[in-house]
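J.: One file is attached below, model-v1.txt, containing compact mmCIF, C-alpha atoms.
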```txt
# COMPACT_ATOMS: atom_id res chain seq x y z
CA MET A 1 0.11 10.80 -15.45
CA LYS A 2 -1.77 7.90 -17.05
CA TYR A 3 -1.32 4.20 -16.34
CA TYR A 4 -2.91 1.19 -17.97
CA ILE A 5 -4.34 -1.00 -15.22
CA GLN A 6 -6.27 -4.10 -16.25
CA GLY A 7 -6.38 -2.75 -19.78
CA GLU A 8 -7.96 0.53 -18.72
CA LYS A 9 -6.28 3.92 -18.86
CA VAL A 10 -6.25 5.38 -15.33
CA ASN A 11 -5.55 9.08 -14.83
CA LEU A 12 -3.49 9.33 -11.66
CA ASN A 13 -3.38 13.11 -11.73
CA LYS A 14 -6.71 12.72 -9.98
CA PRO A 15 -5.75 10.83 -6.79
CA LYS A 16 -7.21 7.39 -6.24
CA VAL A 17 -8.19 5.39 -3.15
CA ALA A 18 -7.23 1.80 -2.42
CA GLY A 19 -9.56 0.29 0.17
CA ILE A 20 -7.91 -2.19 2.54
CA LEU A 21 -9.29 -5.70 2.98
CA ASN A 22 -7.23 -7.50 5.61
CA LEU A 23 -7.75 -11.24 5.75
CA THR A 24 -5.22 -11.53 8.56
CA GLU A 25 -5.61 -12.62 12.15
CA ASP A 26 -3.33 -10.02 13.71
CA SER A 27 -3.23 -6.79 11.68
CA PHE A 28 -2.92 -3.76 13.97
CA PHE A 29 -6.40 -2.32 13.30
CA ASP A 30 -8.80 -4.87 11.87
CA GLY A 31 -7.06 -8.23 12.26
CA GLY A 32 -9.60 -11.03 12.45
CA CYS A 33 -12.55 -8.82 11.51
CA TYR A 34 -13.11 -10.42 8.09
CA ASP A 35 -12.38 -14.07 8.82
CA THR A 36 -15.43 -15.44 7.00
CA GLU A 37 -16.54 -15.01 3.40
CA LYS A 38 -19.71 -13.24 4.54
CA LYS A 39 -17.84 -10.70 6.66
CA ALA A 40 -15.28 -10.11 3.92
CA LEU A 41 -17.95 -9.54 1.27
CA LEU A 42 -19.84 -7.10 3.50
CA GLN A 43 -16.64 -5.08 3.87
CA VAL A 44 -15.99 -5.25 0.11
CA GLU A 45 -19.50 -3.94 -0.54
CA LYS A 46 -18.90 -1.08 1.91
CA LEU A 47 -15.54 -0.12 0.39
CA ILE A 48 -16.94 -0.15 -3.15
CA SER A 49 -20.10 1.75 -2.21
CA GLU A 50 -17.96 4.48 -0.65
CA GLY A 51 -16.01 4.90 -3.88
CA ALA A 52 -12.86 2.76 -3.66
CA ASP A 53 -10.94 2.77 -6.94
CA PHE A 54 -9.00 -0.36 -5.96
CA LEU A 55 -9.22 -3.01 -3.26
CA ASP A 56 -5.92 -4.02 -1.68
CA ILE A 57 -6.19 -7.55 -0.27
CA GLY A 58 -3.76 -8.77 2.36
CA GLY A 59 -3.38 -12.24 3.81
CA GLN A 60 -0.24 -11.62 5.85
CA SER A 61 0.29 -9.09 8.62
CA THR A 62 3.39 -6.91 8.30
CA ARG A 63 2.98 -4.99 11.55
CA PRO A 64 6.15 -4.75 13.69
CA GLY A 65 6.95 -8.12 15.21
CA SER A 66 4.44 -10.05 13.13
CA LYS A 67 5.22 -13.65 12.23
CA PHE A 68 5.55 -14.77 8.63
CA ILE A 69 3.17 -17.30 7.20
CA THR A 70 4.13 -19.36 4.16
CA ALA A 71 3.05 -18.55 0.63
CA ASP A 72 0.77 -21.58 0.64
CA GLU A 73 -0.92 -20.47 3.87
CA GLU A 74 -1.36 -16.98 2.44
CA LEU A 75 -2.90 -18.37 -0.73
CA LYS A 76 -5.45 -20.33 1.32
CA ARG A 77 -6.57 -17.03 2.86
CA VAL A 78 -6.71 -14.84 -0.21
CA ILE A 79 -7.56 -16.90 -3.29
CA PRO A 80 -11.11 -17.95 -2.24
CA ILE A 81 -12.02 -14.32 -1.48
CA ILE A 82 -10.43 -13.05 -4.70
CA LYS A 83 -12.54 -15.52 -6.69
CA ILE A 84 -15.73 -14.44 -4.95
CA ILE A 85 -15.00 -10.73 -5.39
CA LYS A 86 -14.26 -11.15 -9.08
CA LYS A 87 -17.53 -13.02 -9.48
CA GLU A 88 -19.65 -10.52 -7.52
CA TYR A 89 -17.83 -7.32 -8.56
CA PRO A 90 -16.04 -8.09 -11.85
CA LYS A 91 -15.20 -4.44 -12.60
CA ILE A 92 -13.39 -3.60 -9.36
CA LYS A 93 -9.60 -3.49 -9.64
CA LEU A 94 -7.80 -5.71 -7.13
CA SER A 95 -4.27 -5.54 -5.80
CA ILE A 96 -2.62 -8.11 -3.57
CA ASP A 97 -0.46 -7.08 -0.62
CA THR A 98 2.25 -9.77 -0.62
CA PHE A 99 5.99 -10.28 -0.69
CA TRP A 100 5.77 -13.86 -2.04
CA SER A 101 6.17 -14.29 -5.81
CA LYS A 102 4.02 -17.44 -5.72
CA VAL A 103 1.14 -15.49 -4.18
CA ALA A 104 1.61 -12.69 -6.71
CA ASN A 105 1.59 -15.10 -9.64
CA GLU A 106 -1.47 -17.12 -8.57
CA SER A 107 -3.40 -14.00 -7.59
CA VAL A 108 -2.86 -12.46 -11.02
CA GLN A 109 -4.13 -15.68 -12.60
CA GLU A 110 -7.36 -15.13 -10.63
CA GLY A 111 -7.83 -11.54 -11.78
CA VAL A 112 -5.65 -9.38 -9.53
CA CYS A 113 -4.11 -6.53 -11.52
CA MET A 114 -1.53 -4.98 -9.16
CA ILE A 115 1.08 -6.22 -6.67
CA ASN A 116 1.81 -4.29 -3.47
CA ASP A 117 5.09 -5.50 -1.94
CA VAL A 118 6.34 -4.05 1.36
CA SER A 119 9.79 -5.54 0.77
CA GLY A 120 10.60 -4.07 -2.63
CA GLY A 121 11.49 -7.54 -3.83
CA THR A 122 14.04 -8.21 -1.06
CA LEU A 123 12.19 -10.99 0.81
CA ASP A 124 11.65 -13.19 -2.25
CA PRO A 125 14.33 -12.97 -4.97
CA GLN A 126 11.81 -14.22 -7.52
CA MET A 127 9.40 -11.34 -6.99
CA LEU A 128 10.87 -8.82 -9.44
CA PRO A 129 11.39 -11.39 -12.23
CA THR A 130 7.81 -12.55 -11.65
CA ILE A 131 6.41 -9.01 -11.90
CA GLY A 132 8.43 -8.43 -15.05
CA ARG A 133 6.88 -11.54 -16.58
CA LEU A 134 3.35 -10.77 -15.42
CA LYS A 135 3.50 -7.15 -16.73
CA VAL A 136 1.33 -5.76 -13.92
CA PRO A 137 1.77 -2.52 -11.94
CA TYR A 138 4.00 -2.90 -8.88
CA VAL A 139 3.98 -0.90 -5.65
CA LEU A 140 7.62 -0.60 -4.61
CA MET A 141 7.96 0.23 -0.91
CA HIS A 142 10.90 1.39 1.18
CA MET A 143 11.75 -0.80 4.15
CA ARG A 144 14.92 -1.94 5.89
CA GLY A 145 15.13 -5.43 7.37
CA THR A 146 11.90 -7.39 7.80
CA PRO A 147 8.71 -6.68 9.75
CA GLN A 148 10.30 -8.66 12.58
CA THR A 149 13.56 -6.66 12.60
CA MET A 150 12.75 -3.32 10.98
CA ASN A 151 12.65 -1.37 14.25
CA GLN A 152 16.38 -2.10 14.59
CA TYR A 153 17.13 -0.25 11.33
CA THR A 154 16.05 3.31 12.00
CA LYS A 155 19.45 5.04 11.90
CA TYR A 156 20.02 7.04 8.72
CA GLU A 157 22.72 9.49 7.69
CA ASN A 158 19.96 11.49 6.03
CA LEU A 159 16.54 9.87 5.96
CA VAL A 160 15.06 11.56 2.90
CA GLU A 161 18.28 11.33 0.88
CA ASN A 162 18.60 7.65 1.79
CA VAL A 163 14.99 6.93 0.74
CA VAL A 164 15.52 8.76 -2.55
CA GLN A 165 18.74 6.81 -3.17
CA TYR A 166 16.93 3.54 -2.39
CA PHE A 167 14.29 4.33 -5.01
CA GLU A 168 16.91 5.30 -7.58
CA GLU A 169 18.54 1.89 -7.17
CA LYS A 170 15.34 -0.15 -6.98
CA ILE A 171 13.74 1.60 -9.97
CA ASN A 172 16.77 0.71 -12.09
CA GLU A 173 16.66 -2.87 -10.80
CA ALA A 174 12.95 -3.15 -11.57
CA LYS A 175 13.40 -1.75 -15.07
CA ASN A 176 16.13 -4.32 -15.72
CA PHE A 177 13.43 -6.95 -15.17
CA GLY A 178 11.07 -5.19 -17.57
CA ILE A 179 8.90 -3.58 -14.90
CA GLU A 180 7.61 -0.23 -16.16
CA ASN A 181 4.43 0.51 -14.19
CA LEU A 182 5.84 1.42 -10.79
CA PHE A 183 4.27 3.12 -7.79
CA LEU A 184 6.54 4.45 -5.03
CA ASP A 185 5.55 3.91 -1.38
CA PRO A 186 7.88 5.63 1.14
CA GLY A 187 6.93 3.05 3.77
CA PHE A 188 5.53 5.00 6.69
CA GLY A 189 5.94 2.97 9.87
CA PHE A 190 8.47 0.60 8.32
CA SER A 191 12.02 0.97 9.71
CA LYS A 192 11.26 4.54 10.74
CA THR A 193 10.72 6.21 14.10
CA LEU A 194 7.65 8.33 14.79
CA GLU A 195 9.65 11.51 14.17
CA GLN A 196 11.16 10.12 10.97
CA ASN A 197 7.71 9.37 9.61
CA TYR A 198 6.81 13.05 9.92
CA GLU A 199 10.15 14.16 8.47
CA LEU A 200 9.45 11.98 5.45
CA LEU A 201 5.87 13.17 5.14
CA ASN A 202 7.01 16.77 5.29
CA GLN A 203 9.37 16.18 2.36
CA LEU A 204 7.18 13.79 0.40
CA ASN A 205 7.38 16.01 -2.66
CA GLN A 206 11.06 15.01 -3.01
CA LEU A 207 9.78 11.79 -4.59
CA LYS A 208 8.14 13.72 -7.43
CA LYS A 209 11.55 13.84 -9.14
CA PHE A 210 10.96 10.28 -10.37
CA ASN A 211 7.76 11.25 -12.20
CA LEU A 212 6.12 8.10 -10.83
CA PRO A 213 2.90 7.92 -8.81
CA ILE A 214 3.30 8.14 -5.03
CA TYR A 215 1.41 5.55 -3.01
CA ILE A 216 0.67 6.40 0.63
CA GLY A 217 -0.14 4.01 3.49
CA ILE A 218 -0.63 5.95 6.74
CA SER A 219 -4.20 4.99 7.62
CA ARG A 220 -4.68 4.74 11.42
CA LYS A 221 -0.99 4.03 11.99
CA LYS A 222 0.99 4.43 15.20
CA MET A 223 2.46 7.73 13.97
CA ILE A 224 -1.06 9.14 14.34
CA TYR A 225 -2.50 7.54 17.45
CA GLU A 226 0.71 7.72 19.51
CA THR A 227 1.24 11.37 18.60
CA LEU A 228 -2.32 12.20 19.71
CA ASN A 229 -2.27 9.80 22.70
CA ILE A 230 -5.46 8.09 21.54
CA SER A 231 -6.49 4.59 20.53
CA VAL A 232 -6.29 3.27 16.97
CA ASP A 233 -10.10 3.30 16.88
CA GLU A 234 -10.02 7.07 17.45
CA ALA A 235 -7.44 7.79 14.75
CA LEU A 236 -9.74 8.60 11.82
CA VAL A 237 -9.61 12.39 12.19
CA GLY A 238 -5.82 12.35 12.44
CA THR A 239 -5.63 10.02 9.46
CA SER A 240 -7.76 12.40 7.39
CA ALA A 241 -5.59 15.37 8.34
CA LEU A 242 -2.42 13.61 7.22
CA HIS A 243 -4.11 12.36 4.06
CA LEU A 244 -4.94 15.94 3.12
CA TYR A 245 -1.36 17.01 3.76
CA ALA A 246 0.00 14.12 1.70
CA LEU A 247 -2.30 14.99 -1.18
CA LEU A 248 -1.08 18.58 -1.13
CA GLN A 249 2.48 17.19 -1.25
CA GLY A 250 1.69 15.21 -4.39
CA ALA A 251 0.34 11.81 -3.29
CA ASN A 252 -1.47 9.93 -6.07
CA VAL A 253 -2.94 6.93 -4.22
CA LEU A 254 -4.17 6.66 -0.63
CA ARG A 255 -4.33 3.14 0.86
CA VAL A 256 -7.02 3.40 3.52
CA HIS A 257 -9.36 1.65 5.93
CA ASP A 258 -11.94 4.47 5.57
CA VAL A 259 -12.75 5.17 1.94
CA LYS A 260 -15.50 7.78 2.31
CA GLU A 261 -13.34 10.11 4.37
CA ALA A 262 -10.35 9.67 2.06
CA LYS A 263 -12.47 10.64 -0.94
CA GLN A 264 -13.55 13.74 0.96
CA MET A 265 -9.90 14.70 1.50
CA ILE A 266 -9.27 14.32 -2.23
CA ASN A 267 -12.11 16.74 -2.96
CA LEU A 268 -10.78 19.23 -0.42
CA ALA A 269 -7.25 19.01 -1.82
CA LYS A 270 -8.60 19.64 -5.30
CA GLN A 271 -10.44 22.72 -4.06
CA ILE A 272 -7.32 24.05 -2.31
CA LYS A 273 -5.15 23.53 -5.38
CA SER A 274 -7.66 25.21 -7.70
CA ASN A 275 -7.51 28.52 -5.80
```
So that I can check it, write out the structure of this file as structure tokens.
T.:
Amino acid sequence: MKYYIQGEKVNLNKPKVAGILNLTEDSFFDGGCYDTEKKALLQVEKLISEGADFLDIGGQSTRPGSKFITADEELKRVIPIIKIIKKEYPKIKLSIDTFWSKVANESVQEGVCMINDVSGGTLDPQMLPTIGRLKVPYVLMHMRGTPQTMNQYTKYENLVENVVQYFEEKINEAKNFGIENLFLDPGFGFSKTLEQNYELLNQLNQLKKFNLPIYIGISRKKMIYETLNISVDEALVGTSALHLYALLQGANVLRVHDVKEAKQMINLAKQIKSN
């Protein structure tokens, strides 16, 4: 499975790691931690030194109950940091975590090479046409409702079948806009109960039918720390365990706060699969 990202052929049969850089005030784990250019660059240096293949930059929190900020507000948060990163680390591949087409467009103009959209194009009707025009890889995530309302939409006739059907429809829609380089994110923690998250994880390999890379975002989420009755700060071991399981189920990209440990899980999964 090979994709061209920023003009470079990337072999996704060897799983990759996307290091998270949150420029938000209220993200569930590290909101407000990187609110200056110096702090943000120190985190970028750490993520890259630990082996991140991509950096996923977010300027808007999508945790349950979070409040939307406008595209213009989001741009004020992310564009200055994107410019600095591209100057200091020109070879690192950047993605932008946004559901606004304006943010996607302006970020790509500054060197971002991938769009990660939690809404699958539902929150901004111009997103899919914009991605089709920009010709960049697009992370298509499953979510019902919005981050403010998604906890009201957790009733499914059959969770896994409904997620698969959603991707069938959205993949066709994306292709109609000329979008070819798709990643599928099942949306752990988005419009799903704790138990449903594990049901979906346990059947993650059902998404392999699409022959598209699977993008996983479970790092330090509630499904881990609530299950173990610990704090989010203590959730690294649980995160690593679920990362290993996801890799064995066919995950191609891990979106993580802790790059070093994720890379270790990739090496362990490779060893397991080779025997």
J.: Go ahead and find all residues with at least one atom no further than 12 Å from (11.9, -2.6, -8.4) in the file's coordinates, using all atoms listed in the file; report them as JSON, numbers by chain.
T.: {"A": [115, 116, 117, 118, 119, 120, 121, 122, 125, 126, 127, 128, 129, 130, 131, 132, 137, 138, 139, 140, 141, 142, 166, 167, 168, 169, 170, 171, 172, 173, 174, 175, 176, 177, 178, 179, 180, 181, 182, 183, 184, 185]}
J.: Can you spit out the residues from that selection as a short mmCIF file (atom, residue, chain, number, x, y, z; two decimals), in the coordinates of the input, using C-alpha atoms?
T.:
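The file below, selection_33.cif, is the result:
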```
data_model
loop_
_atom_site.label_atom_id
_atom_site.label_comp_id
_atom_site.auth_asym_id
_atom_site.auth_seq_id
_atom_site.Cartn_x
_atom_site.Cartn_y
_atom_site.Cartn_z
CA ILE A 115 1.08 -6.22 -6.67
CA ASN A 116 1.81 -4.29 -3.47
CA ASP A 117 5.09 -5.50 -1.94
CA VAL A 118 6.34 -4.05 1.36
CA SER A 119 9.79 -5.54 0.77
CA GLY A 120 10.60 -4.07 -2.63
CA GLY A 121 11.49 -7.54 -3.83
CA THR A 122 14.04 -8.21 -1.06
CA PRO A 125 14.33 -12.97 -4.97
CA GLN A 126 11.81 -14.22 -7.52
CA MET A 127 9.40 -11.34 -6.99
CA LEU A 128 10.87 -8.82 -9.44
CA PRO A 129 11.39 -11.39 -12.23
CA THR A 130 7.81 -12.55 -11.65
CA ILE A 131 6.41 -9.01 -11.90
CA GLY A 132 8.43 -8.43 -15.05
CA PRO A 137 1.77 -2.52 -11.94
CA TYR A 138 4.00 -2.90 -8.88
CA VAL A 139 3.98 -0.90 -5.65
CA LEU A 140 7.62 -0.60 -4.61
CA MET A 141 7.96 0.23 -0.91
CA HIS A 142 10.90 1.39 1.18
CA TYR A 166 16.93 3.54 -2.39
CA PHE A 167 14.29 4.33 -5.01
CA GLU A 168 16.91 5.30 -7.58
CA GLU A 169 18.54 1.89 -7.17
CA LYS A 170 15.34 -0.15 -6.98
CA ILE A 171 13.74 1.60 -9.97
CA ASN A 172 16.77 0.71 -12.09
CA GLU A 173 16.66 -2.87 -10.80
CA ALA A 174 12.95 -3.15 -11.57
CA LYS A 175 13.40 -1.75 -15.07
CA ASN A 176 16.13 -4.32 -15.72
CA PHE A 177 13.43 -6.95 -15.17
CA GLY A 178 11.07 -5.19 -17.57
CA ILE A 179 8.90 -3.58 -14.90
CA GLU A 180 7.61 -0.23 -16.16
CA ASN A 181 4.43 0.51 -14.19
CA LEU A 182 5.84 1.42 -10.79
CA PHE A 183 4.27 3.12 -7.79
CA LEU A 184 6.54 4.45 -5.03
CA ASP A 185 5.55 3.91 -1.38
#
```
J.: Can you work out the spacing between CA of Leu207 (chain A) and CA of Glu161 (chain A) in Å, to one decimal?
T.: 10.1 Å
J.: Counting all atoms listed in the file, which of A:Tyr89, A:Phe188, A:Phe68, A:Tyr4 gets nearest to Leu55 (chain A)?
T.: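 That would be A:Tyr89, the residue with the smallest distance to Leu55 (chain A).
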J.: Which residues are close to region 200-205 of chain A, i.e. within 9 Å by only C-alpha atoms, leaving aside same-chain residues fewer than 5 positions away? Reply as a count of residues only.
T.: 14
J.: Taking all atoms listed in the file into account, which of A:Ala262, A:Ile218, A:Leu12, A:Val112 comes nearest Leu244 (chain A)?
T.: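 The shortest atom-to-atom distance to Leu244 (chain A) comes from A:Ala262.
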J.: Can you tell me, as a list of chain:residue names, what residues are no more than 10 Å from Lys14 (chain A) when counting all atoms listed in the file, ignoring any on the same chain fewer than 3 positions away?
T.: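 Once the adjacent positions are removed, what remains is A:Met1, A:Lys2, A:Val10, A:Asn11, A:Ala251, A:Asn252, A:Val253, A:Ile266, A:Asn267, A:Lys270.
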J.: Given the choices A:Thr24, A:Ser231, A:Gln196, A:Ser240, which gets closest to Ser219 (chain A) if the distance is worked out from all atoms listed in the file?
T.: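 The answer is A:Ser240, which sits nearest to Ser219 (chain A).
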J.: Take CA of Gly217 (chain A) and CA of Ser191 (chain A) and report the distance between them in Å, one decimal.
T.: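 For CA of Gly217 (chain A) relative to CA of Ser191 (chain A), the distance reads 14.0 Å.
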J.: Extending 8 Å beyond the listed atoms of region 192-211 of chain A on each side, what axis-aligned box results? I want centre and edge lengths in Å to one decimal, as JSON.
T.:
```
{"center_x": 8.7, "center_y": 10.7, "center_z": 1.3, "size_x": 21.7, "size_y": 28.2, "size_z": 43.0}
```
J.: Within 10 Å of (16.0, 14.2, -8.0) (coordinates as in the file), grab all the protein and nucleic acid residues, counting all atoms listed in the file, and write them out as a PyMOL selection string.
T.: chain A and resi 161+164-165+168+206-211
J.: Have a look at CA of Gly189 (chain A) and CA of Thr227 (chain A) and let me know their distance in Å, one decimal.
T.: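 If I compute the distance from CA of Gly189 (chain A) to CA of Thr227 (chain A), I get 13.0 Å.
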J.: Using all atoms listed in the file, determine which residues lie at most 12 Å from Ser95 (chain A), disregarding the query and same-chain residues fewer than 6 positions distant; provide the list as a count of residues only.
T.: 37
J.: Pick the closest to Tyr3 (chain A) from A:Pro213, A:Gly145, A:Arg133, A:Asn197: which is it, counting all atoms listed in the file?
T.: A:Pro213
J.: I'd like to know which of A:His257, A:Pro15, A:Tyr215, A:Met265 is closest to Ala235 (chain A), using all atoms listed in the file.
T.: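 Selected residue with least distance to Ala235 (chain A): A:His257.
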J.: Write out as a list in words which residues come within 7 Å of Ala71 (chain A) when counting all atoms listed in the file, dropping same-chain ones fewer than 2 positions away.
T.: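 My list of contacting residues is Ile69, Glu73, Glu74, Leu75, Trp100, Lys102 and Val103 of chain A.
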J.: Of the candidates A:Asp258, A:Lys93, A:Leu247, A:Gln43, which one gets nearest to Lys273 (chain A) if we count all atoms listed in the file?
T.: A:Leu247
J.: Please fill the gaps in region 75-85 of chain A so it has all heavy atoms, and write that as a compact mmCIF listing (two decimals), in the coordinates of the input.
T.:
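New file out-v2.txt:
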```txt
# COMPACT_ATOMS: atom_id res chain seq x y z
N LEU A 75 -2.01 -18.08 0.39
CA LEU A 75 -2.90 -18.37 -0.73
C LEU A 75 -4.24 -18.93 -0.25
O LEU A 75 -5.29 -18.60 -0.81
CB LEU A 75 -2.23 -19.35 -1.69
CG LEU A 75 -1.14 -18.76 -2.59
CD1 LEU A 75 -0.34 -19.87 -3.25
CD2 LEU A 75 -1.75 -17.84 -3.64
N LYS A 76 -4.21 -19.77 0.78
CA LYS A 76 -5.45 -20.33 1.32
C LYS A 76 -6.36 -19.23 1.85
O LYS A 76 -7.59 -19.36 1.82
CB LYS A 76 -5.14 -21.34 2.42
CG LYS A 76 -4.54 -22.64 1.93
CD LYS A 76 -4.22 -23.57 3.09
CE LYS A 76 -3.56 -24.85 2.60
NZ LYS A 76 -3.19 -25.75 3.74
N ARG A 77 -5.77 -18.14 2.33
CA ARG A 77 -6.57 -17.03 2.86
C ARG A 77 -7.14 -16.15 1.75
O ARG A 77 -8.28 -15.70 1.83
CB ARG A 77 -5.72 -16.16 3.79
CG ARG A 77 -5.33 -16.80 5.10
CD ARG A 77 -4.54 -15.82 5.95
NE ARG A 77 -4.14 -16.42 7.23
CZ ARG A 77 -3.44 -15.78 8.16
NH1 ARG A 77 -3.04 -14.52 7.95
NH2 ARG A 77 -3.12 -16.37 9.30
N VAL A 78 -6.32 -15.88 0.73
CA VAL A 78 -6.71 -14.84 -0.21
C VAL A 78 -7.41 -15.32 -1.47
O VAL A 78 -8.31 -14.63 -1.99
CB VAL A 78 -5.50 -13.95 -0.60
CG1 VAL A 78 -4.89 -13.32 0.64
CG2 VAL A 78 -4.44 -14.74 -1.37
N ILE A 79 -7.02 -16.47 -2.00
CA ILE A 79 -7.56 -16.90 -3.29
C ILE A 79 -9.08 -17.11 -3.26
O ILE A 79 -9.79 -16.65 -4.18
CB ILE A 79 -6.84 -18.15 -3.82
CG1 ILE A 79 -5.39 -17.83 -4.15
CG2 ILE A 79 -7.54 -18.71 -5.05
CD1 ILE A 79 -5.20 -16.78 -5.24
N PRO A 80 -9.65 -17.79 -2.24
CA PRO A 80 -11.11 -17.95 -2.24
C PRO A 80 -11.85 -16.62 -2.25
O PRO A 80 -12.87 -16.48 -2.95
CB PRO A 80 -11.37 -18.73 -0.95
CG PRO A 80 -10.11 -19.46 -0.69
CD PRO A 80 -9.02 -18.53 -1.12
N ILE A 81 -11.35 -15.63 -1.51
CA ILE A 81 -12.02 -14.32 -1.48
C ILE A 81 -11.84 -13.59 -2.80
O ILE A 81 -12.77 -12.93 -3.30
CB ILE A 81 -11.47 -13.47 -0.32
CG1 ILE A 81 -11.75 -14.16 1.01
CG2 ILE A 81 -12.08 -12.07 -0.34
CD1 ILE A 81 -13.21 -14.40 1.30
N ILE A 82 -10.65 -13.68 -3.39
CA ILE A 82 -10.43 -13.05 -4.70
C ILE A 82 -11.43 -13.60 -5.72
O ILE A 82 -12.04 -12.84 -6.50
CB ILE A 82 -8.98 -13.27 -5.18
CG1 ILE A 82 -8.01 -12.46 -4.32
CG2 ILE A 82 -8.83 -12.91 -6.66
CD1 ILE A 82 -6.55 -12.79 -4.57
N LYS A 83 -11.61 -14.90 -5.73
CA LYS A 83 -12.54 -15.52 -6.69
C LYS A 83 -13.96 -15.01 -6.48
O LYS A 83 -14.68 -14.70 -7.46
CB LYS A 83 -12.50 -17.04 -6.54
CG LYS A 83 -11.23 -17.69 -7.06
CD LYS A 83 -11.29 -19.21 -6.92
CE LYS A 83 -10.08 -19.88 -7.54
NZ LYS A 83 -10.12 -21.35 -7.40
N ILE A 84 -14.37 -14.91 -5.24
CA ILE A 84 -15.73 -14.44 -4.95
C ILE A 84 -15.90 -12.98 -5.35
O ILE A 84 -16.91 -12.60 -5.95
CB ILE A 84 -16.05 -14.62 -3.45
CG1 ILE A 84 -16.13 -16.11 -3.11
CG2 ILE A 84 -17.36 -13.93 -3.08
CD1 ILE A 84 -16.22 -16.39 -1.62
N ILE A 85 -14.90 -12.15 -5.03
CA ILE A 85 -15.00 -10.73 -5.39
C ILE A 85 -15.08 -10.55 -6.90
O ILE A 85 -15.89 -9.77 -7.40
CB ILE A 85 -13.79 -9.94 -4.82
CG1 ILE A 85 -13.82 -9.95 -3.29
CG2 ILE A 85 -13.81 -8.49 -5.33
CD1 ILE A 85 -12.57 -9.37 -2.65
```
